[in-house]
$ cat model13.txt   # compact mmCIF, N, CA and C atoms
# COMPACT_ATOMS: atom_id res chain seq x y z
N MET A 605 0.84 -1.18 0.00
CA MET A 605 0.00 0.00 0.00
C MET A 605 0.88 1.24 0.00
N THR A 606 0.47 2.26 -0.72
CA THR A 606 1.20 3.52 -0.75
C THR A 606 0.32 4.64 -0.20
N TYR A 607 1.00 5.72 0.21
CA TYR A 607 0.31 6.83 0.83
C TYR A 607 0.74 8.15 0.19
N THR A 608 -0.09 9.16 0.34
CA THR A 608 0.21 10.50 -0.15
C THR A 608 1.20 11.18 0.80
N VAL A 609 1.68 12.34 0.39
CA VAL A 609 2.58 13.12 1.25
C VAL A 609 1.92 13.39 2.59
N LYS A 610 0.68 13.88 2.55
CA LYS A 610 -0.02 14.24 3.79
C LYS A 610 -0.17 13.03 4.71
N ASP A 611 -0.61 11.90 4.16
CA ASP A 611 -0.80 10.70 4.98
C ASP A 611 0.53 10.18 5.52
N THR A 612 1.55 10.18 4.67
CA THR A 612 2.86 9.70 5.10
C THR A 612 3.43 10.60 6.19
N ALA A 613 3.28 11.91 6.01
CA ALA A 613 3.77 12.86 7.01
C ALA A 613 3.15 12.56 8.37
N ALA A 614 1.86 12.32 8.39
CA ALA A 614 1.17 12.01 9.64
C ALA A 614 1.67 10.68 10.22
N ARG A 615 1.92 9.72 9.35
CA ARG A 615 2.35 8.39 9.81
C ARG A 615 3.76 8.40 10.39
N VAL A 616 4.64 9.25 9.85
CA VAL A 616 6.04 9.25 10.32
C VAL A 616 6.36 10.39 11.27
N GLY A 617 5.40 11.29 11.47
CA GLY A 617 5.61 12.37 12.44
C GLY A 617 6.45 13.52 11.95
N LEU A 618 6.34 13.82 10.65
CA LEU A 618 7.06 14.95 10.08
C LEU A 618 6.08 15.84 9.32
N PRO A 619 6.37 17.13 9.21
CA PRO A 619 5.50 17.99 8.40
C PRO A 619 5.59 17.62 6.91
N SER A 620 4.53 17.84 6.19
CA SER A 620 4.50 17.55 4.75
C SER A 620 5.60 18.30 4.02
N ARG A 621 5.82 19.55 4.41
CA ARG A 621 6.85 20.34 3.73
C ARG A 621 8.25 19.73 3.91
N THR A 622 8.47 19.06 5.03
CA THR A 622 9.75 18.41 5.27
C THR A 622 9.93 17.23 4.32
N LEU A 623 8.87 16.46 4.11
CA LEU A 623 8.94 15.35 3.16
C LEU A 623 9.25 15.87 1.76
N ARG A 624 8.61 16.95 1.38
CA ARG A 624 8.87 17.54 0.06
C ARG A 624 10.31 18.03 -0.04
N TYR A 625 10.81 18.63 1.04
CA TYR A 625 12.20 19.10 1.06
C TYR A 625 13.16 17.93 0.93
N TYR A 626 12.93 16.86 1.70
CA TYR A 626 13.81 15.69 1.61
C TYR A 626 13.80 15.09 0.21
N ASP A 627 12.67 15.16 -0.46
CA ASP A 627 12.59 14.69 -1.84
C ASP A 627 13.39 15.63 -2.75
N ARG A 628 13.22 16.92 -2.55
CA ARG A 628 13.90 17.91 -3.39
C ARG A 628 15.43 17.79 -3.29
N ILE A 629 15.96 17.49 -2.09
CA ILE A 629 17.41 17.39 -1.93
C ILE A 629 17.91 15.97 -2.19
N GLY A 630 17.00 15.06 -2.52
CA GLY A 630 17.40 13.70 -2.88
C GLY A 630 17.66 12.77 -1.72
N LEU A 631 17.23 13.14 -0.53
CA LEU A 631 17.41 12.26 0.63
C LEU A 631 16.48 11.06 0.53
N VAL A 632 15.28 11.28 0.05
CA VAL A 632 14.34 10.21 -0.29
C VAL A 632 13.85 10.48 -1.70
N SER A 633 13.48 9.44 -2.39
CA SER A 633 13.00 9.60 -3.77
C SER A 633 11.77 8.73 -3.99
N PRO A 634 10.64 9.18 -3.47
CA PRO A 634 9.42 8.36 -3.64
C PRO A 634 8.99 8.35 -5.10
N PRO A 635 8.39 7.26 -5.53
CA PRO A 635 7.85 7.23 -6.90
C PRO A 635 6.69 8.21 -7.02
N ARG A 636 6.39 8.55 -8.25
CA ARG A 636 5.28 9.47 -8.51
C ARG A 636 4.23 8.79 -9.39
N THR A 637 3.03 9.24 -9.20
CA THR A 637 1.93 8.75 -10.04
C THR A 637 2.04 9.41 -11.41
N ALA A 638 1.21 8.98 -12.34
CA ALA A 638 1.19 9.58 -13.68
C ALA A 638 0.85 11.07 -13.59
N ALA A 639 0.11 11.46 -12.58
CA ALA A 639 -0.25 12.87 -12.39
C ALA A 639 0.85 13.64 -11.66
N GLY A 640 1.92 12.97 -11.24
CA GLY A 640 3.03 13.65 -10.59
C GLY A 640 3.00 13.69 -9.08
N TYR A 641 2.02 13.01 -8.47
CA TYR A 641 1.94 12.99 -7.01
C TYR A 641 2.93 11.99 -6.43
N ARG A 642 3.58 12.39 -5.35
CA ARG A 642 4.49 11.48 -4.65
C ARG A 642 3.68 10.40 -3.95
N THR A 643 4.19 9.16 -4.00
CA THR A 643 3.55 8.07 -3.27
C THR A 643 4.62 7.38 -2.42
N TYR A 644 4.32 7.18 -1.16
CA TYR A 644 5.27 6.63 -0.22
C TYR A 644 4.82 5.24 0.21
N GLY A 645 5.75 4.31 0.18
CA GLY A 645 5.49 2.95 0.62
C GLY A 645 6.19 2.67 1.95
N PRO A 646 6.12 1.42 2.42
CA PRO A 646 6.72 1.05 3.70
C PRO A 646 8.23 1.34 3.77
N GLU A 647 8.95 1.09 2.69
CA GLU A 647 10.39 1.36 2.70
C GLU A 647 10.68 2.85 2.85
N ASP A 648 9.89 3.68 2.15
CA ASP A 648 10.05 5.13 2.28
C ASP A 648 9.75 5.59 3.71
N GLU A 649 8.70 5.02 4.28
CA GLU A 649 8.35 5.38 5.66
C GLU A 649 9.46 5.00 6.62
N GLY A 650 10.04 3.83 6.43
CA GLY A 650 11.15 3.41 7.28
C GLY A 650 12.32 4.36 7.18
N LYS A 651 12.64 4.77 5.97
CA LYS A 651 13.75 5.70 5.76
C LYS A 651 13.43 7.06 6.40
N LEU A 652 12.20 7.52 6.26
CA LEU A 652 11.82 8.80 6.86
C LEU A 652 11.84 8.76 8.38
N ARG A 653 11.43 7.64 8.95
CA ARG A 653 11.51 7.50 10.42
C ARG A 653 12.97 7.52 10.87
N PHE A 654 13.83 6.85 10.08
CA PHE A 654 15.26 6.85 10.38
C PHE A 654 15.81 8.28 10.32
N VAL A 655 15.45 9.02 9.29
CA VAL A 655 15.92 10.40 9.15
C VAL A 655 15.43 11.24 10.32
N ARG A 656 14.16 11.11 10.66
CA ARG A 656 13.61 11.87 11.78
C ARG A 656 14.37 11.57 13.07
N ARG A 657 14.61 10.31 13.32
CA ARG A 657 15.28 9.92 14.56
C ARG A 657 16.73 10.40 14.59
N THR A 658 17.44 10.25 13.49
CA THR A 658 18.84 10.68 13.48
C THR A 658 18.95 12.21 13.55
N ARG A 659 17.99 12.92 12.96
CA ARG A 659 17.98 14.38 13.10
C ARG A 659 17.76 14.76 14.56
N THR A 660 16.86 14.04 15.23
CA THR A 660 16.61 14.29 16.65
C THR A 660 17.89 14.08 17.48
N LEU A 661 18.70 13.14 17.06
CA LEU A 661 19.95 12.85 17.76
C LEU A 661 21.08 13.81 17.38
N GLY A 662 20.79 14.72 16.45
CA GLY A 662 21.77 15.75 16.12
C GLY A 662 22.63 15.48 14.90
N PHE A 663 22.33 14.43 14.16
CA PHE A 663 23.11 14.18 12.95
C PHE A 663 22.70 15.19 11.88
N SER A 664 23.68 15.63 11.09
CA SER A 664 23.40 16.56 10.00
C SER A 664 22.79 15.79 8.83
N LEU A 665 22.19 16.52 7.91
CA LEU A 665 21.62 15.86 6.72
C LEU A 665 22.72 15.16 5.92
N GLN A 666 23.91 15.76 5.87
CA GLN A 666 25.01 15.11 5.15
C GLN A 666 25.40 13.80 5.82
N GLN A 667 25.48 13.78 7.14
CA GLN A 667 25.80 12.54 7.86
C GLN A 667 24.72 11.49 7.63
N ILE A 668 23.46 11.93 7.64
CA ILE A 668 22.35 11.00 7.40
C ILE A 668 22.42 10.46 5.99
N ARG A 669 22.76 11.32 5.05
CA ARG A 669 22.91 10.88 3.66
C ARG A 669 23.98 9.79 3.57
N GLU A 670 25.09 9.98 4.29
CA GLU A 670 26.17 8.98 4.31
C GLU A 670 25.69 7.66 4.92
N LEU A 671 24.95 7.75 6.02
CA LEU A 671 24.45 6.54 6.67
C LEU A 671 23.49 5.78 5.75
N ILE A 672 22.62 6.51 5.08
CA ILE A 672 21.67 5.88 4.15
C ILE A 672 22.43 5.22 3.01
N ALA A 673 23.42 5.92 2.47
CA ALA A 673 24.21 5.36 1.37
C ALA A 673 24.94 4.09 1.81
N LEU A 674 25.46 4.10 3.02
CA LEU A 674 26.13 2.90 3.55
C LEU A 674 25.15 1.74 3.66
N ALA A 675 23.97 2.03 4.20
CA ALA A 675 22.98 0.97 4.39
C ALA A 675 22.51 0.40 3.06
N GLU A 676 22.46 1.24 2.04
CA GLU A 676 21.95 0.79 0.74
C GLU A 676 22.99 0.03 -0.09
N ARG A 677 24.27 0.16 0.27
CA ARG A 677 25.27 -0.43 -0.61
C ARG A 677 25.98 -1.68 -0.11
N GLY A 678 25.82 -2.05 1.16
CA GLY A 678 26.61 -3.18 1.59
C GLY A 678 26.04 -3.94 2.75
N SER A 679 26.76 -5.01 3.08
CA SER A 679 26.37 -5.84 4.22
C SER A 679 26.85 -5.18 5.50
N CYS A 680 26.31 -5.63 6.61
CA CYS A 680 26.65 -5.05 7.90
C CYS A 680 28.15 -5.14 8.20
N SER A 681 28.77 -6.25 7.89
CA SER A 681 30.19 -6.41 8.21
C SER A 681 31.05 -5.41 7.43
N GLU A 682 30.64 -5.06 6.22
CA GLU A 682 31.37 -4.08 5.43
C GLU A 682 31.15 -2.67 5.94
N LEU A 683 30.02 -2.44 6.58
CA LEU A 683 29.65 -1.09 7.00
C LEU A 683 30.23 -0.69 8.35
N VAL A 684 30.59 -1.66 9.18
CA VAL A 684 30.97 -1.36 10.55
C VAL A 684 32.05 -0.28 10.65
N PRO A 685 33.16 -0.36 9.93
CA PRO A 685 34.18 0.69 10.10
C PRO A 685 33.69 2.09 9.73
N GLU A 686 32.91 2.20 8.68
CA GLU A 686 32.43 3.51 8.27
C GLU A 686 31.38 4.06 9.24
N VAL A 687 30.50 3.19 9.71
CA VAL A 687 29.50 3.62 10.69
C VAL A 687 30.18 4.01 11.99
N GLU A 688 31.18 3.23 12.40
CA GLU A 688 31.92 3.57 13.62
C GLU A 688 32.59 4.93 13.49
N ARG A 689 33.13 5.24 12.31
CA ARG A 689 33.76 6.54 12.09
C ARG A 689 32.73 7.66 12.25
N LEU A 690 31.56 7.49 11.65
CA LEU A 690 30.51 8.51 11.78
C LEU A 690 30.07 8.68 13.23
N VAL A 691 29.93 7.56 13.93
CA VAL A 691 29.52 7.62 15.34
C VAL A 691 30.62 8.26 16.18
N ASP A 692 31.88 7.92 15.91
CA ASP A 692 33.00 8.54 16.65
C ASP A 692 33.04 10.04 16.41
N ASP A 693 32.81 10.47 15.17
CA ASP A 693 32.76 11.90 14.87
C ASP A 693 31.65 12.58 15.64
N LYS A 694 30.49 11.92 15.72
CA LYS A 694 29.36 12.50 16.45
C LYS A 694 29.66 12.57 17.94
N LEU A 695 30.27 11.52 18.49
CA LEU A 695 30.64 11.52 19.90
C LEU A 695 31.62 12.65 20.22
N ALA A 696 32.59 12.86 19.34
CA ALA A 696 33.56 13.93 19.54
C ALA A 696 32.87 15.30 19.52
N ALA A 697 31.93 15.47 18.61
CA ALA A 697 31.18 16.74 18.54
C ALA A 697 30.36 16.96 19.80
N ILE A 698 29.74 15.90 20.31
CA ILE A 698 28.95 16.01 21.54
C ILE A 698 29.85 16.35 22.71
N ASP A 699 31.01 15.69 22.80
CA ASP A 699 31.96 15.99 23.88
C ASP A 699 32.41 17.45 23.84
N ALA A 700 32.69 17.96 22.64
CA ALA A 700 33.10 19.36 22.50
C ALA A 700 31.97 20.29 22.92
N GLN A 701 30.75 19.96 22.54
CA GLN A 701 29.61 20.78 22.91
C GLN A 701 29.38 20.75 24.41
N LEU A 702 29.54 19.59 25.03
CA LEU A 702 29.39 19.49 26.49
C LEU A 702 30.45 20.32 27.20
N ALA A 703 31.69 20.30 26.71
CA ALA A 703 32.75 21.09 27.32
C ALA A 703 32.45 22.59 27.20
N GLU A 704 31.95 22.99 26.03
CA GLU A 704 31.60 24.39 25.82
C GLU A 704 30.46 24.80 26.74
N LEU A 705 29.45 23.93 26.87
CA LEU A 705 28.33 24.24 27.77
C LEU A 705 28.78 24.31 29.23
N ALA A 706 29.67 23.42 29.64
CA ALA A 706 30.17 23.44 31.02
C ALA A 706 30.93 24.74 31.30
N ALA A 707 31.76 25.17 30.35
CA ALA A 707 32.49 26.42 30.51
C ALA A 707 31.53 27.60 30.58
N PHE A 708 30.54 27.59 29.71
CA PHE A 708 29.54 28.67 29.70
C PHE A 708 28.77 28.69 31.01
N ARG A 709 28.39 27.51 31.49
CA ARG A 709 27.68 27.43 32.76
C ARG A 709 28.52 28.00 33.89
N GLY A 710 29.82 27.68 33.88
CA GLY A 710 30.72 28.21 34.89
C GLY A 710 30.79 29.73 34.87
N ARG A 711 30.85 30.31 33.67
CA ARG A 711 30.88 31.78 33.55
C ARG A 711 29.59 32.39 34.07
N LEU A 712 28.45 31.79 33.70
CA LEU A 712 27.18 32.32 34.19
C LEU A 712 27.05 32.17 35.70
N ALA A 713 27.47 31.03 36.24
CA ALA A 713 27.40 30.82 37.69
C ALA A 713 28.29 31.82 38.41
N ALA A 714 29.48 32.09 37.87
CA ALA A 714 30.37 33.06 38.50
C ALA A 714 29.76 34.46 38.46
N PHE A 715 29.14 34.79 37.35
CA PHE A 715 28.47 36.09 37.24
C PHE A 715 27.36 36.19 38.27
N ARG A 716 26.55 35.13 38.37
CA ARG A 716 25.42 35.13 39.30
C ARG A 716 25.90 35.13 40.74
N ALA A 717 26.96 34.39 41.03
CA ALA A 717 27.51 34.35 42.39
C ALA A 717 28.01 35.72 42.82
N GLY A 718 28.46 36.51 41.87
CA GLY A 718 28.89 37.88 42.16
C GLY A 718 27.72 38.82 42.35
N GLY A 719 26.53 38.29 42.35
CA GLY A 719 25.33 39.09 42.57
C GLY A 719 24.78 39.68 41.30
N GLY A 720 25.50 39.51 40.20
CA GLY A 720 25.02 40.07 38.94
C GLY A 720 24.88 41.58 39.00
N SER A 721 25.50 42.19 40.05
CA SER A 721 25.31 43.62 40.26
C SER A 721 26.29 44.47 39.49
N SER A 722 27.22 43.84 38.80
CA SER A 722 28.22 44.64 38.09
C SER A 722 27.72 45.14 36.75
N GLY A 723 26.47 44.84 36.43
CA GLY A 723 25.83 45.47 35.30
C GLY A 723 25.95 44.77 33.97
N TYR A 724 25.45 45.49 32.99
CA TYR A 724 25.34 44.98 31.62
C TYR A 724 26.71 44.66 31.03
N ASP A 725 27.70 45.54 31.24
CA ASP A 725 29.03 45.31 30.67
C ASP A 725 29.64 44.00 31.16
N ALA A 726 29.48 43.72 32.45
CA ALA A 726 30.02 42.47 33.00
C ALA A 726 29.30 41.26 32.42
N LEU A 727 27.99 41.37 32.26
CA LEU A 727 27.23 40.27 31.67
C LEU A 727 27.67 40.04 30.23
N CYS A 728 27.86 41.12 29.48
CA CYS A 728 28.32 40.98 28.09
C CYS A 728 29.68 40.29 28.04
N ARG A 729 30.59 40.68 28.92
CA ARG A 729 31.91 40.03 28.95
C ARG A 729 31.76 38.56 29.29
N CYS A 730 30.86 38.26 30.21
CA CYS A 730 30.62 36.87 30.60
C CYS A 730 30.11 36.06 29.41
N LEU A 731 29.15 36.60 28.69
CA LEU A 731 28.55 35.87 27.57
C LEU A 731 29.49 35.78 26.38
N ASN A 732 30.35 36.76 26.20
CA ASN A 732 31.26 36.78 25.06
C ASN A 732 32.61 36.13 25.31
N ALA A 733 32.85 35.72 26.53
CA ALA A 733 34.17 35.17 26.87
C ALA A 733 34.46 33.91 26.07
N ALA A 734 35.66 33.84 25.54
CA ALA A 734 36.06 32.64 24.79
C ALA A 734 36.31 31.49 25.74
N ASP A 735 36.83 31.78 26.91
CA ASP A 735 37.01 30.76 27.95
C ASP A 735 37.12 31.45 29.30
N ASP A 736 37.15 30.68 30.38
CA ASP A 736 37.15 31.27 31.72
C ASP A 736 38.39 32.12 31.98
N ALA A 737 39.51 31.77 31.39
CA ALA A 737 40.76 32.45 31.68
C ALA A 737 40.91 33.78 30.94
N ALA A 738 40.26 33.92 29.81
CA ALA A 738 40.48 35.12 29.00
C ALA A 738 39.17 35.73 28.54
N PRO A 739 38.46 36.43 29.44
CA PRO A 739 37.20 37.04 29.01
C PRO A 739 37.48 38.17 28.01
N VAL A 740 36.55 38.33 27.11
CA VAL A 740 36.66 39.38 26.10
C VAL A 740 36.35 40.70 26.75
N GLU A 741 37.20 41.70 26.55
CA GLU A 741 36.96 43.03 27.11
C GLU A 741 35.87 43.73 26.31
N ASN A 742 35.12 44.54 26.97
CA ASN A 742 34.05 45.29 26.30
C ASN A 742 34.67 46.37 25.42
N GLN A 743 34.52 46.23 24.12
CA GLN A 743 35.09 47.15 23.15
C GLN A 743 34.26 48.42 23.01
N ALA A 744 33.01 48.39 23.44
CA ALA A 744 32.11 49.50 23.18
C ALA A 744 31.93 50.41 24.38
N SER A 745 32.82 50.36 25.37
CA SER A 745 32.63 51.22 26.55
C SER A 745 32.87 52.66 26.17
N ALA A 746 31.99 53.53 26.62
CA ALA A 746 32.11 54.95 26.26
C ALA A 746 31.98 55.80 27.49

$ encode --input "model13.txt" --output "structure tokens"
Amino acid sequence: MTYTVKDTAARVGLPSRTLRYYDRIGLVSPPRTAAGYRTYGPEDEGKLRFVRRTRTLGFSLQQIRELIALAERGSCSELVPEVERLVDDKLAAIDAQLAELAAFRGRLAAFRAGGGSSGYDALCRCLNAADDAAPVENQASA
């Protein structure tokens, strides 16, 4: 059985415009009727659910495209090294983001612990600081 864009969107939990976008960029390529309407089958739905889930986990469309290409071209044993590389890259990105968030949290906590009474300039320096050791000086003080 096949479904329209609207029905498929409801079934996989994505907006219709997102399905059309994924088709336009070639992430999915549903067949079309003689009248030009997209029709989605079970395989398309599975791919769309995979895309939705991996997007939720923070994978980029390019990374998802790579994962789909890997899945479509080989057996699991052939895919393991490439999938591991993609997962390792994602783990490294998450670790970097966590470190950045921890540093930012520390700057905000230090600002708040100081009572936040030093004003807007201090808050701007806190938010703009590259790291805890070297806050950016306010260039716009007049």

$ closest_residue --input "model13.txt" --among "A:Val616, A:Tyr625, A:Phe715, A:Glu682" --to "Gly650 of chain A" --atoms "only N, CA and C atoms"
A:Val616

$ atom_distance --input "model13.txt" --atom1 "atom N of Val684 of chain A" --atom2 "atom N of Glu670 of chain A"
13.8 Å

$ atom_distance --input "model13.txt" --atom1 "atom N of Lys610 of chain A" --atom2 "atom N of Ser633 of chain A"
14.4 Å

$ atom_distance --input "model13.txt" --atom1 "atom N of Arg642 of chain A" --atom2 "atom CA of Ile672 of chain A"
21.4 Å

$ residues_around --input "model13.txt" --residues "Leu652 of chain A" --least-positions-apart "4" --cutoff "12 Å" --atoms "only C-alpha atoms" --output "PyMOL selection string"
chain A and resi 609+612-620+622-627+631-634+644-648+656-659+668-669+672
